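Asker: Okay, here's the structure, questions in a sec.
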Amino acid sequence: MQVPFHGRLVRGWVLGPTGEIPPRTLSVKKAVSPVRFFDPDMLWLARWVSERYVAPLAAVLTRLSPPRVASEEPRAVDEPGAAESAATQRVGGGGASALTQPCHTSRTRTAAPNSPPASVLADYRSSSDLLGALRSADGSGAFVVRPAPEDEVAVAVEAVSECLASGRRAVVIVPEATPVPTTAAAIAQAFGERVALFLGGSKRARYRMWLAIGAGCVDVVVGTRSAVFAPIGNLGLTIVSRESHPAHREDRAPYYHVRDVALARARRSGAVCLLEAMCPSSEATAMDMPQITPAARRWPPVEVVRPGPEGRAPRLVRALRDARRAFLFSPLPGYGIAAFCRACGAPAACAACGGALRSEEGAVRCVVCEAPGRCATCGASDFGLRRGGAERVEEWASGIASVPVHRLAADDAPRLPREGEIVVGGPDDVRDFGPGGLDLVAVLDADLADRRPGLSARERALTVWMEAIGWARPNGRAIVQASRANDAAVQSLVQGKPERFHADERARRADAGFPVGAAVFRVGGPHGLERDLARLEPTTMLVSSAEDQTVCLLALEPGRVPEFGRAIRDLAARDRVARVEAEPHL
Ligand SMILES: [Zn+2]
Ligand SMILES: [Zn+2]
């Protein structure tokens, strides 16, 4: 609806009736849309997000639905012709929003497979509570599932299947839209027209699908972040696929993390929440949820070798000769880093900013400012290189392997190696492709993970390594080049389970002042901000000031967030706080 406010028309939502009428109220000028954008449960969830992430409720309400396309909206029932549509569904539970919305798909149920596939989860440790909750019409609870690599997709399909069989509906949140994750494709394939794939698409198509979901036309929604707010009723299950993936965190205001919103929504709806990942996040493992894991080791043999020159450890060279289908994980792009200027002999550095220069796709550029590579001392552009990076790996591996070696360039679509092919790729190429069946996966430059900035860099590295190494199931093996074989992350990689890493990480994060499970906020404002925030007694506060801005990164005990939120709103009203970012990537 629209309301005149300070001389202009402002849009708003009807939240519900109230007994407390303030002395000054404005009258509604116009009802904008006949669509009901949220029900009481979704309003509860929006309030939860607003409080947990210290975001204005109006901003969160905007996020519950995709942008409107008015011409897609259904007509009110009292309009002539509206009620005549063939397949019509009532939106919402009656009341003001009595609308009709045709389902675009006929509701033919996909026939159950003749012989249902054998249960994957039945063979998992501690799976009986999960299966019991899924099979009961009012089962609930939160679980972490750490699938064997070749079961990742099957676990999600089985959980959805059990949920539908008990007469409830499911939401599956995947981290990426393109290429379509195999988990998403497999669910669409298994349940056909009962599934809405809410992944990208035009504004019109998204809004149309969102209306169809709200009208009850589908039983499963599969989508990226915003699918956690899908207006699906009778929710029995939410799955967060690849739970530790950084894309599950919304990085525009209002900020939120899919994991926590999914858990809150499932609690509210009395549904099951399943966090699925080969390497779950530290946050998920600290929450004391049952962990469901394969009964026996289902992980490739992993050999740790010391890095050889340019990554060519002798063990890896021998393995590459025999490999028929392999993936070489090379986290650094390019062919090498400029070491010295060939014209004047000075150590190489960017003339514009002093940064390091990298040779990539035939051109030397600054890794910091991306300026074309010019010597900071004499301006020349010819450099002696220290070779290393995915392009160089492609080159030397091609000279050794008995099958073609192909490097995935920045504009290549990520994919698994074909039969008789070795693929060189980086972190962005490790996606949910389903079971890999490779005979070799090699992780080069594992030492680099420690040098990456950020508290969560190691966890991200381990997650990607595990997802890549999983492709060596069921019959392949893995080689990891690392200087310190007893490093907790490397050991977790060898064992195929992240417990040791998570224990190490908990200690490291606590030492750094950002304990796992703490609520973290980045707050910006004018000078003196740190004094205002110190009064809130955060567990940790790091302060940085530049020009007329102060930025504070602070950690709080989760129970103190509501109090913090009230204080921040009060400071913001007095212009003492300019912006708040919740759960920044650390
Ligand atoms: Zn530069
Ligand atoms: Zn020079």
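Ordered as shown in the structure tokens, chains take letters A, B, and onward, while each chain numbers its residues from 1 and ligands are numbered from 1 in the order shown.
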Taking only C-alpha atoms and all ligand atoms into account, report as a ChimeraX atom specification which residues have an atom no farther than 10 Å from an atom of ligand 1.
Answerer: /A:349-357,365-374,376
Asker: With N, CA and C atoms kept, could you save the residues just selected as a short mmCIF file (atom, residue, chain, number, x, y, z; two decimals), in the first residue's frame?
Answerer:
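This is the output file out.cif:
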```cif
data_model
loop_
_atom_site.label_atom_id
_atom_site.label_comp_id
_atom_site.auth_asym_id
_atom_site.auth_seq_id
_atom_site.Cartn_x
_atom_site.Cartn_y
_atom_site.Cartn_z
N ALA A 349 58.36 -4.69 -9.33
CA ALA A 349 57.26 -4.13 -8.55
C ALA A 349 56.46 -3.23 -9.47
N CYS A 350 55.15 -3.11 -9.20
CA CYS A 350 54.26 -2.32 -10.04
C CYS A 350 54.63 -0.83 -9.99
N ALA A 351 54.75 -0.19 -11.17
CA ALA A 351 55.10 1.22 -11.23
C ALA A 351 53.98 2.08 -10.64
N ALA A 352 52.75 1.60 -10.71
CA ALA A 352 51.62 2.41 -10.21
C ALA A 352 51.46 2.30 -8.71
N CYS A 353 51.63 1.08 -8.15
CA CYS A 353 51.29 0.93 -6.73
C CYS A 353 52.32 0.13 -5.94
N GLY A 354 53.34 -0.38 -6.58
CA GLY A 354 54.35 -1.14 -5.85
C GLY A 354 53.98 -2.60 -5.61
N GLY A 355 52.82 -3.02 -6.11
CA GLY A 355 52.36 -4.39 -5.88
C GLY A 355 53.14 -5.41 -6.71
N ALA A 356 52.83 -6.70 -6.45
CA ALA A 356 53.48 -7.78 -7.20
C ALA A 356 52.89 -7.85 -8.60
N LEU A 357 53.71 -8.32 -9.57
CA LEU A 357 53.26 -8.42 -10.96
C LEU A 357 53.16 -9.89 -11.33
N ARG A 365 50.47 -8.22 -15.36
CA ARG A 365 49.63 -7.21 -14.71
C ARG A 365 49.89 -7.21 -13.21
N CYS A 366 49.57 -6.06 -12.59
CA CYS A 366 49.70 -5.95 -11.14
C CYS A 366 48.58 -6.76 -10.47
N VAL A 367 48.92 -7.55 -9.45
CA VAL A 367 47.88 -8.34 -8.77
C VAL A 367 47.04 -7.45 -7.85
N VAL A 368 47.56 -6.26 -7.52
CA VAL A 368 46.83 -5.37 -6.61
C VAL A 368 45.92 -4.43 -7.40
N CYS A 369 46.53 -3.63 -8.34
CA CYS A 369 45.74 -2.60 -9.02
C CYS A 369 45.41 -2.96 -10.47
N GLU A 370 45.91 -4.11 -10.93
CA GLU A 370 45.62 -4.62 -12.27
C GLU A 370 46.17 -3.74 -13.39
N ALA A 371 47.05 -2.77 -13.06
CA ALA A 371 47.68 -1.96 -14.11
C ALA A 371 48.61 -2.85 -14.92
N PRO A 372 48.79 -2.53 -16.23
CA PRO A 372 49.76 -3.29 -17.03
C PRO A 372 51.13 -3.23 -16.34
N GLY A 373 51.88 -4.37 -16.40
CA GLY A 373 53.14 -4.44 -15.66
C GLY A 373 54.22 -3.53 -16.20
N ARG A 374 54.63 -2.53 -15.40
CA ARG A 374 55.76 -1.64 -15.73
C ARG A 374 56.68 -1.63 -14.52
N ALA A 376 58.82 -0.44 -11.62
CA ALA A 376 58.72 0.75 -10.77
C ALA A 376 60.00 1.58 -10.84
#
```
Asker: May I ask you to write as a PyMOL selection string all residues lying at most 7 Å from ligand 2, with only C-alpha atoms and all ligand atoms counted?
Answerer: chain A and resi 341-346+375-380
Asker: Can you pull out the residues contacting stretch 504-513 of chain A? Cut-off 8 Å, using only C-alpha atoms, and skip same-chain residues under 2 positions away; I want them as a PyMOL selection string.
Answerer: chain A and resi 282+455+488+500-502+515-516+539-540+555
Asker: Hey, could you make a per-residue contact list for stretch 273-318 of chain A against stretch 152-172 of chain A with 12 Å as the cut-off, showing the nearest pair of atoms and its distance in Å to one decimal, counting only C-alpha atoms, sorted by chain and number, as a tab-separated table?
Answerer:
```
residue	atom	partner	partner_atom	distance
A:Cys273	CA	A:Val171	CA	9.6
A:Leu274	CA	A:Ala159	CA	8.8
A:Leu275	CA	A:Ala156	CA	10.1
A:Glu276	CA	A:Glu152	CA	7.9
A:Ala277	CA	A:Glu152	CA	7.9
A:Met278	CA	A:Glu152	CA	8.1
A:Cys279	CA	A:Glu152	CA	11.7
A:Ile292	CA	A:Val155	CA	10.8
A:Thr293	CA	A:Val155	CA	11.0
A:Pro294	CA	A:Val155	CA	11.1
A:Arg298	CA	A:Glu152	CA	11.9
```
Asker: The selected residues should be written to file as an mmCIF file, in the first residue's frame (atoms: N, CA, C and O atoms).
Answerer:
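So the final result, stored in out04.cif, reads:
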```
data_model
loop_
_atom_site.group_PDB
_atom_site.id
_atom_site.type_symbol
_atom_site.label_atom_id
_atom_site.label_comp_id
_atom_site.auth_asym_id
_atom_site.auth_seq_id
_atom_site.Cartn_x
_atom_site.Cartn_y
_atom_site.Cartn_z
ATOM 1 N N CYS A 273 15.658 -29.436 9.879
ATOM 2 C CA CYS A 273 16.671 -28.667 9.152
ATOM 3 C C CYS A 273 17.915 -29.536 9.022
ATOM 4 O O CYS A 273 18.418 -30.066 10.017
ATOM 5 N N LEU A 274 18.369 -29.680 7.793
ATOM 6 C CA LEU A 274 19.510 -30.542 7.505
ATOM 7 C C LEU A 274 20.636 -29.686 6.931
ATOM 8 O O LEU A 274 20.460 -29.048 5.904
ATOM 9 N N LEU A 275 21.765 -29.651 7.626
ATOM 10 C CA LEU A 275 22.926 -28.939 7.111
ATOM 11 C C LEU A 275 23.842 -29.994 6.516
ATOM 12 O O LEU A 275 24.338 -30.866 7.228
ATOM 13 N N GLU A 276 24.048 -29.927 5.192
ATOM 14 C CA GLU A 276 24.789 -30.986 4.517
ATOM 15 C C GLU A 276 26.105 -30.436 3.975
ATOM 16 O O GLU A 276 26.129 -29.433 3.268
ATOM 17 N N ALA A 277 27.216 -31.058 4.328
ATOM 18 C CA ALA A 277 28.519 -30.644 3.793
ATOM 19 C C ALA A 277 29.545 -31.722 4.112
ATOM 20 O O ALA A 277 29.487 -32.350 5.169
ATOM 21 N N MET A 278 30.491 -31.917 3.181
ATOM 22 C CA MET A 278 31.592 -32.833 3.468
ATOM 23 C C MET A 278 32.454 -32.260 4.577
ATOM 24 O O MET A 278 32.987 -32.972 5.402
ATOM 25 N N CYS A 279 32.606 -30.924 4.566
ATOM 26 C CA CYS A 279 33.313 -30.243 5.648
ATOM 27 C C CYS A 279 32.381 -29.147 6.159
ATOM 28 O O CYS A 279 32.374 -28.046 5.637
ATOM 29 N N ILE A 292 25.603 -36.834 11.365
ATOM 30 C CA ILE A 292 25.277 -38.102 10.710
ATOM 31 C C ILE A 292 26.352 -38.370 9.662
ATOM 32 O O ILE A 292 26.574 -37.551 8.766
ATOM 33 N N THR A 293 27.049 -39.489 9.821
ATOM 34 C CA THR A 293 28.220 -39.760 8.977
ATOM 35 C C THR A 293 28.185 -41.209 8.497
ATOM 36 O O THR A 293 27.524 -42.050 9.107
ATOM 37 N N PRO A 294 28.905 -41.516 7.432
ATOM 38 C CA PRO A 294 28.935 -42.907 6.958
ATOM 39 C C PRO A 294 29.457 -43.836 8.062
ATOM 40 O O PRO A 294 30.308 -43.439 8.852
ATOM 41 N N ARG A 298 34.617 -43.785 4.025
ATOM 42 C CA ARG A 298 34.291 -43.738 2.594
ATOM 43 C C ARG A 298 35.036 -42.544 2.041
ATOM 44 O O ARG A 298 34.473 -41.520 1.697
#
```
Asker: Could you pull out all residues of stretch 228-343 of chain A with a DSSP call of helix (DSSP H, G or I) and give them as a PyMOL selection string?
Answerer: chain A and resi 228-229+246-248+258-269+282-285+309-311+314-322
Asker: Any chance you can output those residues with N, CA and C atoms as an mmCIF file, in the first residue's frame?
Answerer:
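Output saved as again.cif:
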```cif
data_model
loop_
_atom_site.group_PDB
_atom_site.id
_atom_site.type_symbol
_atom_site.label_atom_id
_atom_site.label_comp_id
_atom_site.auth_asym_id
_atom_site.auth_seq_id
_atom_site.Cartn_x
_atom_site.Cartn_y
_atom_site.Cartn_z
ATOM 1 N N VAL A 228 15.374 -19.424 0.987
ATOM 2 C CA VAL A 228 15.131 -19.689 2.412
ATOM 3 C C VAL A 228 13.846 -18.982 2.862
ATOM 4 N N PHE A 229 13.411 -17.962 2.092
ATOM 5 C CA PHE A 229 12.171 -17.240 2.403
ATOM 6 C C PHE A 229 11.012 -17.695 1.504
ATOM 7 N N PRO A 246 30.721 -19.993 1.210
ATOM 8 C CA PRO A 246 30.567 -18.577 1.583
ATOM 9 C C PRO A 246 29.371 -17.890 0.918
ATOM 10 N N ALA A 247 28.863 -18.446 -0.197
ATOM 11 C CA ALA A 247 27.732 -17.796 -0.873
ATOM 12 C C ALA A 247 26.434 -17.929 -0.081
ATOM 13 N N HIS A 248 26.426 -18.725 0.997
ATOM 14 C CA HIS A 248 25.215 -18.788 1.824
ATOM 15 C C HIS A 248 25.073 -17.568 2.725
ATOM 16 N N VAL A 258 22.175 -17.931 5.505
ATOM 17 C CA VAL A 258 21.135 -18.911 5.204
ATOM 18 C C VAL A 258 21.052 -19.990 6.287
ATOM 19 N N ARG A 259 22.219 -20.433 6.779
ATOM 20 C CA ARG A 259 22.218 -21.497 7.793
ATOM 21 C C ARG A 259 21.352 -21.110 8.981
ATOM 22 N N ASP A 260 21.563 -19.908 9.512
ATOM 23 C CA ASP A 260 20.861 -19.509 10.726
ATOM 24 C C ASP A 260 19.392 -19.208 10.461
ATOM 25 N N VAL A 261 19.106 -18.628 9.282
ATOM 26 C CA VAL A 261 17.705 -18.353 8.953
ATOM 27 C C VAL A 261 16.955 -19.669 8.743
ATOM 28 N N ALA A 262 17.609 -20.622 8.074
ATOM 29 C CA ALA A 262 16.968 -21.926 7.833
ATOM 30 C C ALA A 262 16.685 -22.631 9.158
ATOM 31 N N LEU A 263 17.625 -22.552 10.092
ATOM 32 C CA LEU A 263 17.424 -23.183 11.402
ATOM 33 C C LEU A 263 16.265 -22.519 12.146
ATOM 34 N N ALA A 264 16.228 -21.180 12.091
ATOM 35 C CA ALA A 264 15.159 -20.455 12.798
ATOM 36 C C ALA A 264 13.803 -20.780 12.176
ATOM 37 N N ARG A 265 13.761 -20.820 10.838
ATOM 38 C CA ARG A 265 12.480 -21.087 10.173
ATOM 39 C C ARG A 265 11.991 -22.507 10.487
ATOM 40 N N ALA A 266 12.930 -23.460 10.455
ATOM 41 C CA ALA A 266 12.544 -24.848 10.733
ATOM 42 C C ALA A 266 12.035 -24.981 12.170
ATOM 43 N N ARG A 267 12.706 -24.321 13.117
ATOM 44 C CA ARG A 267 12.249 -24.361 14.515
ATOM 45 C C ARG A 267 10.831 -23.831 14.621
ATOM 46 N N ARG A 268 10.594 -22.693 13.975
ATOM 47 C CA ARG A 268 9.296 -22.051 14.038
ATOM 48 C C ARG A 268 8.206 -22.930 13.406
ATOM 49 N N SER A 269 8.563 -23.575 12.265
ATOM 50 C CA SER A 269 7.555 -24.363 11.539
ATOM 51 C C SER A 269 7.461 -25.784 12.058
ATOM 52 N N SER A 282 32.696 -24.390 11.011
ATOM 53 C CA SER A 282 32.957 -24.413 12.453
ATOM 54 C C SER A 282 31.684 -24.053 13.210
ATOM 55 N N GLU A 283 30.922 -23.100 12.669
ATOM 56 C CA GLU A 283 29.702 -22.655 13.347
ATOM 57 C C GLU A 283 28.710 -23.822 13.477
ATOM 58 N N ALA A 284 28.520 -24.554 12.385
ATOM 59 C CA ALA A 284 27.554 -25.652 12.424
ATOM 60 C C ALA A 284 28.007 -26.735 13.396
ATOM 61 N N THR A 285 29.310 -27.014 13.414
ATOM 62 C CA THR A 285 29.769 -28.106 14.279
ATOM 63 C C THR A 285 29.773 -27.682 15.748
ATOM 64 N N PRO A 309 59.826 -28.645 -6.920
ATOM 65 C CA PRO A 309 59.962 -27.381 -7.649
ATOM 66 C C PRO A 309 58.743 -27.162 -8.545
ATOM 67 N N GLU A 310 58.158 -25.966 -8.480
ATOM 68 C CA GLU A 310 56.953 -25.607 -9.240
ATOM 69 C C GLU A 310 55.796 -26.565 -8.969
ATOM 70 N N GLY A 311 55.846 -27.261 -7.866
ATOM 71 C CA GLY A 311 54.761 -28.183 -7.542
ATOM 72 C C GLY A 311 54.979 -29.590 -8.072
ATOM 73 N N PRO A 314 58.058 -35.676 -7.022
ATOM 74 C CA PRO A 314 58.278 -36.898 -7.809
ATOM 75 C C PRO A 314 57.097 -37.877 -7.744
ATOM 76 N N ARG A 315 56.446 -38.006 -6.577
ATOM 77 C CA ARG A 315 55.303 -38.928 -6.458
ATOM 78 C C ARG A 315 54.178 -38.499 -7.389
ATOM 79 N N LEU A 316 53.970 -37.181 -7.468
ATOM 80 C CA LEU A 316 52.899 -36.670 -8.317
ATOM 81 C C LEU A 316 53.234 -36.905 -9.792
ATOM 82 N N VAL A 317 54.496 -36.679 -10.137
ATOM 83 C CA VAL A 317 54.908 -36.871 -11.535
ATOM 84 C C VAL A 317 54.643 -38.318 -11.960
ATOM 85 N N ARG A 318 54.996 -39.265 -11.095
ATOM 86 C CA ARG A 318 54.761 -40.680 -11.438
ATOM 87 C C ARG A 318 53.264 -40.975 -11.570
ATOM 88 N N ALA A 319 52.478 -40.429 -10.629
ATOM 89 C CA ALA A 319 51.030 -40.686 -10.659
ATOM 90 C C ALA A 319 50.399 -40.102 -11.921
ATOM 91 N N LEU A 320 50.902 -38.936 -12.352
ATOM 92 C CA LEU A 320 50.322 -38.286 -13.531
ATOM 93 C C LEU A 320 50.551 -39.094 -14.799
ATOM 94 N N ARG A 321 51.676 -39.788 -14.850
ATOM 95 C CA ARG A 321 51.981 -40.604 -16.036
ATOM 96 C C ARG A 321 50.902 -41.659 -16.264
ATOM 97 N N ASP A 322 50.413 -42.218 -15.145
ATOM 98 C CA ASP A 322 49.439 -43.312 -15.242
ATOM 99 C C ASP A 322 47.990 -42.840 -15.273
#
```
Asker: Take atom CA of A:Val423 and atom CA of A:Pro301 and report the distance between them in Å, one decimal.
Answerer: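 We find that atom CA of A:Val423 and atom CA of A:Pro301 lie 20.1 Å from each other.
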Asker: Pick out the residues sitting within 8 Å of A:Glu72, and hand them over as a PDB file with N, CA, C and O atoms, in the first residue's frame; count only C-alpha atoms, and ignore anything fewer than 5 positions along from it in its own chain.
Answerer:
```pdb
ATOM      1  N   ARG A 204      10.498 -11.339 -14.492  1.00  0.00           N
ATOM      2  CA  ARG A 204       9.116 -11.790 -14.666  1.00  0.00           C
ATOM      3  C   ARG A 204       8.965 -13.262 -14.279  1.00  0.00           C
ATOM      4  O   ARG A 204       8.066 -13.648 -13.541  1.00  0.00           O
ATOM      5  N   TYR A 207       9.198 -13.754 -10.500  1.00  0.00           N
ATOM      6  CA  TYR A 207       8.014 -13.315  -9.758  1.00  0.00           C
ATOM      7  C   TYR A 207       6.858 -14.283  -9.989  1.00  0.00           C
ATOM      8  O   TYR A 207       6.124 -14.631  -9.066  1.00  0.00           O
ATOM      9  N   ARG A 208       6.722 -14.741 -11.233  1.00  0.00           N
ATOM     10  CA  ARG A 208       5.658 -15.687 -11.559  1.00  0.00           C
ATOM     11  C   ARG A 208       5.842 -16.964 -10.739  1.00  0.00           C
ATOM     12  O   ARG A 208       4.895 -17.505 -10.170  1.00  0.00           O
TER      13      ARG A 208
END
```
Asker: Would you mind listing what lies within 9 Å of stretch 408-410 of chain A as a ChimeraX atom specification, with only C-alpha atoms counted and same-chain residues fewer than 2 positions away left out?
Answerer: /A:333,361,390-391,406,412-415,423-426,428-429
Asker: Distance atom CA of A:Arg522-atom CA of A:Glu581, one decimal place?
Answerer: 5.0 Å
Asker: Would you compute the distance between atom CA of A:Ser545 and atom CA of A:Glu250? Give it in Å to one decimal.
Answerer: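 The value is 25.6 Å.
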Asker: Going by DSSP on the backbone, which bits of stretch 313-550 of chain A are strand (DSSP E or B)? Write them as a PyMOL selection string, please.
Answerer: chain A and resi 325-329+336-341+347+350+357-360+363-366+372+375+383-387+405-407+421-425+440-443+477-481+519-525+540-546+549-550
Asker: From the options A:Ser281, A:Ser544, A:Ser381, A:Thr25, which residue's atoms come nearest to A:Ala461, counting only C-alpha atoms?
Answerer: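 Between A:Ser281, A:Ser544, A:Ser381, A:Thr25, the residue approaching A:Ala461 most closely is A:Ser281.
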Asker: Closest to A:Arg392 among A:Gly336, A:Val3, A:Asp411, A:Leu444, using only C-alpha atoms?
Answerer: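 Distance minimum relative to A:Arg392 lands on A:Gly336.
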Asker: Excluding A:Ser127 and its own-chain neighbours fewer than 5 positions away, which residues fall within 9 Å of it when counting only C-alpha atoms? Please give them as a PDB file with N, CA and C atoms, in the first residue's frame.
Answerer:
```pdb
ATOM      1  N   LEU A 121      20.841 -43.249   3.656  1.00  0.00           N
ATOM      2  CA  LEU A 121      20.989 -42.790   5.041  1.00  0.00           C
ATOM      3  C   LEU A 121      20.897 -43.935   6.048  1.00  0.00           C
ATOM      4  N   ALA A 122      20.200 -45.009   5.701  1.00  0.00           N
ATOM      5  CA  ALA A 122      20.042 -46.113   6.653  1.00  0.00           C
ATOM      6  C   ALA A 122      21.391 -46.651   7.096  1.00  0.00           C
ATOM      7  N   GLY A 132      13.432 -40.850  11.345  1.00  0.00           N
ATOM      8  CA  GLY A 132      12.190 -40.842  12.115  1.00  0.00           C
ATOM      9  C   GLY A 132      11.490 -39.488  12.014  1.00  0.00           C
ATOM     10  N   VAL A 145      24.670 -33.412   8.337  1.00  0.00           N
ATOM     11  CA  VAL A 145      25.010 -34.637   7.617  1.00  0.00           C
ATOM     12  C   VAL A 145      26.315 -34.404   6.871  1.00  0.00           C
ATOM     13  N   PRO A 290      23.208 -33.362  16.223  1.00  0.00           N
ATOM     14  CA  PRO A 290      23.689 -34.699  15.878  1.00  0.00           C
ATOM     15  C   PRO A 290      24.405 -34.662  14.531  1.00  0.00           C
ATOM     16  N   GLN A 291      25.536 -35.361  14.444  1.00  0.00           N
ATOM     17  CA  GLN A 291      26.276 -35.437  13.178  1.00  0.00           C
ATOM     18  C   GLN A 291      26.071 -36.819  12.587  1.00  0.00           C
ATOM     19  N   ILE A 292      25.603 -36.834  11.365  1.00  0.00           N
ATOM     20  CA  ILE A 292      25.277 -38.102  10.710  1.00  0.00           C
ATOM     21  C   ILE A 292      26.352 -38.370   9.662  1.00  0.00           C
ATOM     22  N   THR A 293      27.049 -39.489   9.821  1.00  0.00           N
ATOM     23  CA  THR A 293      28.220 -39.760   8.977  1.00  0.00           C
ATOM     24  C   THR A 293      28.185 -41.209   8.497  1.00  0.00           C
TER      25      THR A 293
END
```
